[in-house]
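This is structure-v2.tsv. It holds TSV, C-alpha atoms.
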```tsv
chain	number	residue	atom	x	y	z
A	1	MET	CA	-10.67	-7.77	7.61
A	2	LYS	CA	-10.32	-4.48	5.74
A	3	PHE	CA	-10.01	-3.98	1.98
A	4	LEU	CA	-8.11	-1.46	-0.14
A	5	ALA	CA	-8.20	-0.71	-3.85
A	6	ILE	CA	-4.77	0.42	-5.07
A	7	THR	CA	-3.34	1.91	-8.26
A	8	LEU	CA	0.24	2.58	-9.33
A	9	ILE	CA	-1.14	4.63	-12.26
A	10	VAL	CA	0.58	2.50	-14.88
A	11	HIS	CA	0.42	4.24	-18.27
A	12	ARG	CA	1.00	1.86	-21.14
A	13	PRO	CA	-1.13	0.54	-23.97
A	14	ASP	CA	-4.09	-1.55	-22.89
A	15	PRO	CA	-2.73	-5.12	-22.69
A	16	VAL	CA	-5.64	-6.44	-24.76
A	17	THR	CA	-6.68	-3.66	-27.19
A	18	GLY	CA	-3.28	-1.97	-27.56
A	19	VAL	CA	-4.89	1.48	-27.14
A	20	LEU	CA	-2.84	4.05	-25.19
A	21	LYS	CA	-5.06	6.57	-23.45
A	22	SER	CA	-3.92	10.14	-22.97
A	23	THR	CA	-2.30	11.16	-19.71
A	24	GLN	CA	-5.35	13.22	-18.79
A	25	GLU	CA	-7.69	10.32	-19.52
A	26	ARG	CA	-5.55	8.04	-17.35
A	27	PHE	CA	-5.76	10.43	-14.41
A	28	ARG	CA	-9.52	10.67	-14.92
A	29	GLU	CA	-9.68	6.87	-14.66
A	30	VAL	CA	-7.90	7.01	-11.31
A	31	LEU	CA	-10.42	9.52	-9.94
A	32	ASP	CA	-13.30	7.38	-11.22
A	33	SER	CA	-11.74	4.32	-9.59
A	34	ALA	CA	-11.53	6.10	-6.25
A	35	LEU	CA	-15.17	7.15	-6.45
A	36	LEU	CA	-16.16	3.59	-7.37
A	37	ALA	CA	-14.15	2.18	-4.46
A	38	GLU	CA	-15.99	4.44	-2.01
A	39	GLU	CA	-19.34	3.66	-3.64
A	40	LEU	CA	-18.76	-0.08	-3.34
A	41	GLY	CA	-17.66	0.11	0.28
A	42	PHE	CA	-13.91	-0.39	0.14
A	43	ASP	CA	-12.16	0.72	3.31
A	44	GLY	CA	-9.24	2.49	1.62
A	45	PHE	CA	-7.88	3.71	-1.70
A	46	GLY	CA	-4.15	3.76	-2.38
A	47	VAL	CA	-1.96	5.60	-4.90
A	48	GLY	CA	1.61	4.50	-5.54
A	49	GLU	CA	4.71	6.61	-6.04
A	50	ARG	CA	7.06	5.92	-8.93
A	51	HIS	CA	9.33	8.29	-10.80
A	52	GLU	CA	9.94	6.39	-14.03
A	53	ARG	CA	8.24	5.01	-17.11
A	54	PRO	CA	5.51	3.69	-17.45
A	55	PHE	CA	4.06	5.25	-14.27
A	56	LEU	CA	2.24	8.55	-13.76
A	57	SER	CA	2.36	8.36	-9.97
A	58	SER	CA	5.20	10.79	-9.30
A	59	ALA	CA	2.96	13.14	-7.27
A	60	PRO	CA	0.72	11.01	-5.02
A	61	THR	CA	-0.03	13.90	-2.66
A	62	VAL	CA	-1.57	15.86	-5.51
A	63	VAL	CA	-3.65	12.91	-6.71
A	64	LEU	CA	-4.77	12.00	-3.19
A	65	GLY	CA	-5.57	15.63	-2.46
A	66	HIS	CA	-7.99	15.67	-5.41
A	67	ILE	CA	-9.48	12.35	-4.31
A	68	ALA	CA	-9.89	13.72	-0.78
A	69	ALA	CA	-12.03	16.52	-2.20
A	70	LEU	CA	-14.22	14.06	-4.14
A	71	THR	CA	-14.77	11.51	-1.37
A	72	ARG	CA	-16.02	11.60	2.19
A	73	HIS	CA	-15.32	8.40	4.07
A	74	ILE	CA	-12.72	6.19	2.43
A	75	ARG	CA	-9.22	6.24	3.96
A	76	LEU	CA	-6.42	7.41	1.67
A	77	PHE	CA	-3.19	5.40	1.40
A	78	THR	CA	0.16	5.88	-0.27
A	79	ALA	CA	1.44	2.73	-1.90
A	80	VAL	CA	4.27	3.34	-1.37
A	81	THR	CA	5.83	6.65	-0.35
A	82	THR	CA	9.46	6.31	-1.44
A	83	LEU	CA	11.16	8.04	1.46
A	84	SER	CA	14.62	6.99	0.26
A	85	LEU	CA	14.18	9.44	-2.64
A	86	LEU	CA	12.56	12.29	-0.71
A	87	ASP	CA	13.58	15.04	1.65
A	88	PRO	CA	11.73	14.04	4.84
A	89	VAL	CA	11.01	17.67	5.74
A	90	ARG	CA	9.34	18.33	2.40
A	91	ALA	CA	7.51	15.00	2.59
A	92	TYR	CA	6.21	15.89	6.04
A	93	GLU	CA	4.92	19.27	4.82
A	94	ASP	CA	3.06	17.68	1.91
A	95	TYR	CA	1.51	14.86	3.89
A	96	ALA	CA	0.61	16.92	6.97
A	97	THR	CA	-1.21	19.33	4.64
A	98	LEU	CA	-3.00	16.46	2.89
A	99	ASP	CA	-3.97	14.97	6.23
A	100	HIS	CA	-5.64	18.22	7.31
A	101	LEU	CA	-7.45	18.59	3.99
A	102	SER	CA	-8.75	15.01	4.15
A	103	GLY	CA	-9.94	15.29	7.74
A	104	GLY	CA	-7.45	12.76	9.04
A	105	ARG	CA	-8.12	10.05	6.45
A	106	LEU	CA	-4.46	9.65	5.47
A	107	GLU	CA	-2.35	6.54	6.07
A	108	LEU	CA	1.14	6.04	4.67
A	109	ILE	CA	2.79	2.92	3.36
A	110	ILE	CA	6.49	3.72	3.05
A	111	GLY	CA	9.32	1.91	1.32
A	112	LYS	CA	12.66	2.43	-0.32
A	113	GLY	CA	11.14	2.05	-3.80
A	114	ASN	CA	12.61	0.11	-6.69
A	115	GLY	CA	13.73	0.79	-10.21
A	116	SER	CA	17.11	2.06	-11.34
A	117	ALA	CA	15.77	4.99	-13.38
A	118	GLN	CA	14.24	6.73	-10.38
A	119	ARG	CA	17.35	6.08	-8.32
A	120	ASP	CA	19.41	7.77	-11.02
A	121	LEU	CA	16.97	10.66	-11.21
A	122	PHE	CA	17.47	11.44	-7.52
A	123	HIS	CA	21.16	10.45	-7.34
A	124	VAL	CA	20.50	7.58	-4.96
A	125	THR	CA	22.64	4.45	-5.13
A	126	PRO	CA	21.70	0.85	-4.31
A	127	GLU	CA	24.37	0.98	-1.60
A	128	ASP	CA	22.87	3.92	0.30
A	129	GLN	CA	19.17	3.49	-0.50
A	130	TRP	CA	18.32	1.55	2.67
A	131	GLU	CA	20.22	3.99	4.88
A	132	ARG	CA	18.45	6.92	3.22
A	133	ASN	CA	15.09	5.23	3.76
A	134	ALA	CA	15.78	4.62	7.47
A	135	GLU	CA	17.14	8.12	8.10
A	136	SER	CA	14.28	9.81	6.26
A	137	TYR	CA	11.74	7.81	8.19
A	138	GLU	CA	13.33	8.60	11.55
A	139	VAL	CA	13.29	12.32	10.75
A	140	PHE	CA	9.77	12.14	9.31
A	141	ARG	CA	8.30	10.44	12.40
A	142	ARG	CA	10.02	12.92	14.73
A	143	LEU	CA	8.67	15.88	12.76
A	144	TRP	CA	5.18	14.42	13.14
A	145	ARG	CA	5.59	14.05	16.91
A	146	GLU	CA	7.86	16.89	18.10
A	147	PRO	CA	7.35	20.68	17.81
A	148	LYS	CA	11.09	21.24	17.27
A	149	VAL	CA	13.57	18.75	15.85
A	150	THR	CA	17.34	18.66	15.99
A	151	ALA	CA	18.93	15.92	13.87
A	152	ASP	CA	22.49	15.37	12.64
A	153	THR	CA	21.47	13.93	9.28
A	154	ARG	CA	23.77	12.50	6.58
A	155	PHE	CA	21.59	12.75	3.49
A	156	ARG	CA	20.12	16.22	3.92
A	157	PRO	CA	21.29	19.37	5.76
A	158	PRO	CA	21.22	18.84	9.53
A	159	LEU	CA	18.28	20.22	11.50
A	160	LYS	CA	18.67	22.55	14.49
A	161	ASP	CA	15.51	23.27	16.49
A	162	ALA	CA	13.58	23.02	13.23
A	163	GLU	CA	9.89	23.95	13.28
A	164	VAL	CA	7.92	22.56	10.36
A	165	TRP	CA	4.38	23.59	9.47
A	166	PRO	CA	1.54	22.81	9.45
A	167	ARG	CA	1.51	20.93	12.71
A	168	PRO	CA	-0.21	17.58	12.30
A	169	TYR	CA	-3.91	16.75	12.40
A	170	GLN	CA	-3.51	13.06	13.19
A	171	GLN	CA	-1.19	12.62	16.14
A	172	PRO	CA	0.51	10.75	14.67
A	173	VAL	CA	-0.36	9.54	11.19
A	174	ARG	CA	-0.25	5.75	10.95
A	175	VAL	CA	2.69	4.50	8.89
A	176	TRP	CA	2.85	1.01	7.37
A	177	HIS	CA	6.12	-0.36	6.00
A	178	GLY	CA	5.94	-1.87	2.54
A	179	SER	CA	8.01	-5.01	2.08
A	180	ALA	CA	8.69	-7.05	-1.04
A	181	THR	CA	11.93	-8.96	-0.56
A	182	SER	CA	14.13	-7.29	2.03
A	183	LYS	CA	14.56	-7.88	5.74
A	184	GLU	CA	15.70	-4.27	6.24
A	185	SER	CA	12.19	-2.84	5.81
A	186	VAL	CA	10.74	-5.61	7.96
A	187	ASP	CA	13.19	-4.89	10.77
A	188	LEU	CA	12.54	-1.13	10.57
A	189	ALA	CA	8.79	-1.73	10.94
A	190	ALA	CA	9.29	-4.08	13.90
A	191	ARG	CA	11.74	-1.73	15.61
A	192	TYR	CA	9.21	1.10	15.72
A	193	GLY	CA	6.17	-1.09	16.37
A	194	ASP	CA	4.62	-0.17	13.01
A	195	PRO	CA	2.35	-2.33	10.84
A	196	LEU	CA	3.74	-4.21	7.83
A	197	PHE	CA	2.34	-4.39	4.30
A	198	SER	CA	3.62	-7.26	2.16
A	199	ALA	CA	3.76	-6.58	-1.57
A	200	ASN	CA	2.87	-10.24	-2.28
A	201	VAL	CA	2.36	-9.79	-6.03
A	202	THR	CA	5.23	-11.40	-7.93
A	203	HIS	CA	6.01	-14.81	-6.43
A	204	PRO	CA	4.16	-17.68	-4.76
A	205	VAL	CA	3.40	-17.37	-1.07
A	206	GLU	CA	6.62	-18.77	0.45
A	207	PRO	CA	9.09	-15.83	0.34
A	208	TYR	CA	6.47	-13.39	1.59
A	209	ALA	CA	5.44	-15.75	4.39
A	210	GLU	CA	9.08	-16.01	5.46
A	211	LEU	CA	9.44	-12.22	5.66
A	212	ILE	CA	6.26	-11.94	7.73
A	213	ARG	CA	7.52	-14.69	10.03
A	214	TYR	CA	10.75	-12.71	10.45
A	215	TYR	CA	8.73	-9.55	11.16
A	216	ARG	CA	6.88	-11.28	13.99
A	217	GLU	CA	10.18	-12.56	15.37
A	218	ARG	CA	11.75	-9.09	15.30
A	219	TRP	CA	8.59	-7.53	16.74
A	220	GLU	CA	8.93	-9.65	19.86
A	221	HIS	CA	12.70	-9.07	19.91
A	222	TYR	CA	12.03	-5.33	20.25
A	223	GLY	CA	9.64	-5.96	23.14
A	224	HIS	CA	6.29	-5.26	21.49
A	225	ASP	CA	3.06	-7.09	22.34
A	226	PRO	CA	2.28	-9.72	19.64
A	227	ALA	CA	-1.41	-8.83	19.98
A	228	ASP	CA	-0.65	-5.41	18.46
A	229	ILE	CA	0.73	-6.76	15.17
A	230	ALA	CA	-1.05	-5.72	11.97
A	231	VAL	CA	-0.14	-7.15	8.56
A	232	GLY	CA	-1.50	-6.22	5.16
A	233	ALA	CA	-1.00	-8.13	1.90
A	234	GLY	CA	-1.35	-7.38	-1.78
A	235	SER	CA	-2.87	-9.40	-4.58
A	236	ALA	CA	-1.56	-9.88	-8.10
A	237	GLY	CA	-4.84	-9.32	-9.92
A	238	VAL	CA	-8.57	-9.62	-9.46
A	239	CYS	CA	-11.31	-11.11	-11.61
A	240	VAL	CA	-14.27	-12.52	-9.73
A	241	ALA	CA	-17.07	-14.10	-11.76
A	242	PRO	CA	-20.01	-16.36	-10.95
A	243	THR	CA	-18.01	-19.42	-12.06
A	244	SER	CA	-14.33	-20.25	-12.34
A	245	GLN	CA	-14.74	-20.87	-16.07
A	246	GLN	CA	-16.11	-17.37	-16.61
A	247	ALA	CA	-13.34	-15.81	-14.54
A	248	LEU	CA	-10.59	-17.66	-16.39
A	249	ALA	CA	-12.09	-16.86	-19.79
A	250	ALA	CA	-12.34	-13.16	-18.93
A	251	TYR	CA	-8.83	-12.93	-17.51
A	252	ARG	CA	-7.00	-15.07	-20.09
A	253	PRO	CA	-6.38	-12.26	-22.62
A	254	VAL	CA	-5.04	-10.06	-19.80
A	255	PHE	CA	-2.70	-12.78	-18.53
A	256	GLU	CA	-1.40	-13.72	-21.98
A	257	SER	CA	-0.73	-10.09	-22.90
A	258	ASN	CA	1.07	-9.46	-19.59
A	259	LEU	CA	3.10	-12.65	-20.11
A	260	ALA	CA	4.18	-11.45	-23.57
A	261	PHE	CA	5.13	-8.05	-22.10
A	262	GLN	CA	7.26	-9.71	-19.41
A	263	ARG	CA	9.13	-11.79	-21.98
A	264	GLN	CA	9.64	-8.85	-24.34
A	265	ALA	CA	10.98	-6.72	-21.48
A	266	GLY	CA	13.32	-9.48	-20.31
A	267	LEU	CA	11.55	-9.81	-16.98
A	268	PRO	CA	11.57	-13.14	-15.15
A	269	VAL	CA	8.46	-15.22	-15.78
A	270	VAL	CA	7.20	-16.89	-12.61
A	271	PHE	CA	3.88	-18.31	-13.82
A	272	GLU	CA	3.87	-19.78	-17.33
A	273	THR	CA	0.13	-20.47	-17.58
A	274	LEU	CA	-3.04	-18.81	-16.42
A	275	GLU	CA	-4.06	-21.95	-14.58
A	276	ASP	CA	-0.79	-21.93	-12.62
A	277	PHE	CA	-1.19	-18.20	-11.95
A	278	ALA	CA	-4.74	-18.68	-10.66
A	279	GLU	CA	-3.65	-21.55	-8.42
A	280	ARG	CA	-0.28	-20.45	-6.99
A	281	SER	CA	-0.10	-16.67	-7.26
A	282	SER	CA	-1.89	-14.16	-5.03
A	283	GLY	CA	-4.17	-13.30	-7.96
A	284	LEU	CA	-7.85	-13.54	-7.04
A	285	ILE	CA	-9.11	-15.17	-10.23
A	286	GLY	CA	-12.17	-17.37	-9.90
A	287	SER	CA	-15.60	-17.77	-8.37
A	288	PRO	CA	-16.42	-16.11	-5.04
A	289	GLN	CA	-15.84	-19.39	-3.21
A	290	GLN	CA	-12.45	-19.89	-4.90
A	291	VAL	CA	-11.40	-16.38	-3.91
A	292	LEU	CA	-12.54	-16.96	-0.34
A	293	ASP	CA	-10.56	-20.20	-0.19
A	294	LYS	CA	-7.42	-18.52	-1.50
A	295	VAL	CA	-7.59	-15.59	0.91
A	296	HIS	CA	-8.00	-18.05	3.78
A	297	ARG	CA	-4.99	-20.08	2.57
A	298	TYR	CA	-2.88	-16.94	2.52
A	299	HIS	CA	-4.22	-15.83	5.88
A	300	GLU	CA	-3.05	-19.12	7.40
A	301	ARG	CA	0.49	-18.17	6.33
A	302	PHE	CA	0.38	-14.39	6.86
A	303	GLY	CA	-2.15	-13.72	9.59
A	304	HIS	CA	-3.02	-10.55	7.67
A	305	SER	CA	-6.02	-8.35	8.45
A	306	VAL	CA	-5.87	-6.00	5.43
A	307	LEU	CA	-5.97	-6.99	1.75
A	308	HIS	CA	-5.53	-4.88	-1.35
A	309	VAL	CA	-6.89	-5.50	-4.83
A	310	ASN	CA	-6.18	-3.70	-8.09
A	311	ALA	CA	-8.24	-0.55	-8.56
A	312	ASP	CA	-7.43	-0.58	-12.30
A	313	ALA	CA	-9.16	-2.70	-14.90
A	314	GLY	CA	-5.73	-3.70	-16.19
A	315	GLY	CA	-7.05	-5.04	-19.50
A	316	LEU	CA	-10.53	-6.10	-18.47
A	317	ASP	CA	-13.23	-3.99	-20.07
A	318	ALA	CA	-14.69	-1.41	-17.71
A	319	ALA	CA	-18.03	-3.21	-17.30
A	320	ARG	CA	-16.36	-6.54	-16.50
A	321	HIS	CA	-14.00	-4.89	-14.01
A	322	ARG	CA	-16.89	-3.18	-12.23
A	323	GLN	CA	-18.84	-6.45	-12.13
A	324	SER	CA	-15.79	-8.16	-10.63
A	325	LEU	CA	-15.40	-5.56	-7.88
A	326	GLU	CA	-19.14	-5.59	-7.18
A	327	LEU	CA	-19.09	-9.37	-6.82
A	328	PHE	CA	-16.03	-9.15	-4.59
A	329	GLN	CA	-17.76	-6.66	-2.32
A	330	SER	CA	-21.14	-8.43	-2.27
A	331	GLU	CA	-20.07	-12.09	-1.90
A	332	VAL	CA	-16.42	-12.18	-0.82
A	333	ALA	CA	-15.73	-9.21	1.44
A	334	PRO	CA	-18.72	-9.69	3.78
A	335	VAL	CA	-17.67	-13.27	4.54
A	336	LEU	CA	-14.04	-12.32	5.13
A	337	ARG	CA	-15.08	-9.41	7.36
A	338	LYS	CA	-16.86	-11.93	9.60
A	339	GLU	CA	-14.23	-14.67	9.51
A	340	ILE	CA	-10.95	-12.72	9.69
A	341	PRO	CA	-10.34	-10.10	12.42
A	342	ASP	CA	-9.76	-6.42	11.70
A	343	PRO	CA	-6.41	-4.78	12.55
A	344	PRO	CA	-5.92	-4.17	16.29
A	345	PHE	CA	-6.66	-0.45	16.01
A	346	ALA	CA	-9.57	1.75	15.03
A	347	TRP	CA	-10.06	2.38	11.32
A	348	ALA	CA	-10.37	6.10	11.95
A	349	PRO	CA	-8.26	9.24	12.40
A	350	VAL	CA	-5.48	8.80	14.96
A	351	LEU	CA	-6.23	11.60	17.38
A	352	PRO	CA	-4.83	12.31	20.86
A	353	GLN	CA	-6.82	10.87	23.72
A	354	PRO	CA	-8.52	13.51	25.90
A	355	ALA	CA	-6.90	14.03	29.27
A	356	PRO	CA	-8.80	12.43	32.15
A	357	THR	CA	-10.90	14.86	34.16
A	358	ASP	CA	-11.25	14.93	37.93
A	359	PRO	CA	-14.53	13.49	39.23
A	360	PRO	CA	-17.01	15.98	40.64
A	361	ALA	CA	-16.64	16.80	44.34
A	362	GLY	CA	-18.29	14.25	46.60
A	363	HIS	CA	-17.67	11.27	44.23
```

Show me this structure written as structure tokens.
Amino acid sequence: MKFLAITLIVHRPDPVTGVLKSTQERFREVLDSALLAEELGFDGFGVGERHERPFLSSAPTVVLGHIAALTRHIRLFTAVTTLSLLDPVRAYEDYATLDHLSGGRLELIIGKGNGSAQRDLFHVTPEDQWERNAESYEVFRRLWREPKVTADTRFRPPLKDAEVWPRPYQQPVRVWHGSATSKESVDLAARYGDPLFSANVTHPVEPYAELIRYYRERWEHYGHDPADIAVGAGSAGVCVAPTSQQALAAYRPVFESNLAFQRQAGLPVVFETLEDFAERSSGLIGSPQQVLDKVHRYHERFGHSVLHVNADAGGLDAARHRQSLELFQSEVAPVLRKEIPDPPFAWAPVLPQPAPTDPPAGH
């Protein structure tokens, strides 16, 4: 199993102290989190893309470009690239450039995105958002694979023998499809034989397990080998401590503040108590053994080989958050790496295979 640390760069007052850091300080935190993730041995670091309050993740290519310069080994993920809002040509240019600068460490998780404010900002409607996402992805993947592209597009000017530069480093970049609730994204991933990443952060396991079951069904429908399936899954929070009592005590102020925020904002409340959240959500709150048990329970339903945890402290003090991630990496991750298989592909740049050479004469 592989492990990612992911941030959406939420920028709101600390849920416990009420302190709102400056925008510059918040970006500095993200860079520090990426360096910590590489130091602790995480396999990837992800940056979201949102174009509305309270997020600062409107330019993930810029943030990931800076992280690429600071790190050496960790793979860099988008979480998610909102292709329904973007011109696929411009997106290709940005990400192909980033891929070269990072030495082929880029992987994309794409999705239509959510939130009405960012739809309004880009003049995208709920009715056409899925079609925009599918069209943008089809153009994007062709640009990555073909030197010239002709496409009769609906949502951007048509392309006629278009050449787009730079040409790619990875051939092609790996693209995961982010899925929260909709079968459209699941079907798109299965159609192209791409891996799926389940959001898995808001509800109990059942609706996400049903979407992953549907993905596997559609994968086989499109004629792909089931052995090639790769699934990733999110987690709703992380606080690992030597004992469950310590973990619950540390996370309780965070949970109660987030619960109050949800109610004030009129958001649906799924888990009324911390104990229910720790038991039934995807949050990894507890002792190392409790976290191991939960990941295994989810794996029985998902069959996933990649897991993400929150890169941000999210209300924990910095020392407690670091201790939690250190404990995760020292006592949880090594066990899961042994007990749950990796994805069915190399965790490395996707480069073209060298052409076979003729054997020497006489052999």

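Minimum distance to Leu86 of chain A across A:Phe45, A:Phe140, A:Tyr251, A:Phe27 (counting only C-alpha atoms) occurs at A:Phe140.
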
Point (-12.6, -11.7, 14.0) neighbourhood (12 Å, only C-alpha atoms) written as a CSV table (one decimal) with C-alpha atoms, in the coordinates of the input:
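Printed below is out_33.csv as written:
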```
chain,number,residue,atom,x,y,z
A,1,MET,CA,-10.7,-7.8,7.6
A,2,LYS,CA,-10.3,-4.5,5.7
A,303,GLY,CA,-2.2,-13.7,9.6
A,304,HIS,CA,-3.0,-10.6,7.7
A,305,SER,CA,-6.0,-8.4,8.4
A,335,VAL,CA,-17.7,-13.3,4.5
A,336,LEU,CA,-14.0,-12.3,5.1
A,337,ARG,CA,-15.1,-9.4,7.4
A,338,LYS,CA,-16.9,-11.9,9.6
A,339,GLU,CA,-14.2,-14.7,9.5
A,340,ILE,CA,-11.0,-12.7,9.7
A,341,PRO,CA,-10.3,-10.1,12.4
A,342,ASP,CA,-9.8,-6.4,11.7
A,343,PRO,CA,-6.4,-4.8,12.6
A,344,PRO,CA,-5.9,-4.2,16.3
```

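Counting all atoms listed in the file and comparing A:Phe345, A:Phe55, A:Tyr215, A:Tyr208, the residue that lies closest to Arg301 of chain A is A:Tyr208.
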
Build an axis-aligned box that encloses every atom of segment 89-102 of chain A listed in the file, pad it by 6 Å on each side, and report its centre and edge lengths in Å to one decimal, as JSON.
```
{"center_x": 1.1, "center_y": 17.1, "center_z": 4.6, "size_x": 31.8, "size_y": 16.5, "size_z": 17.4}
```

Interatomic distance (Å, one decimal) between atom CA of Phe42 of chain A and atom CA of Leu327 of chain A: 12.5 Å

Counting only C-alpha atoms, what are the residues of segment 37-63 of chain A within 12 Å of segment 121-132 of chain A, and for each of them which pair of atoms is the nearest and at what distance in Å, to one decimal? Sort the table by chain and rising number, as a tab-separated table.
```
residue	atom	partner	partner_atom	distance
A:Arg50	CA	A:Leu121	CA	11.2
A:His51	CA	A:Leu121	CA	8.0
A:Glu52	CA	A:Leu121	CA	8.7
A:Arg53	CA	A:Leu121	CA	12.0
A:Ser58	CA	A:Leu121	CA	11.9
```

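The two atoms in question, atom CA of Ala209 of chain A and atom CA of Ala233 of chain A, are spaced 10.3 Å apart.
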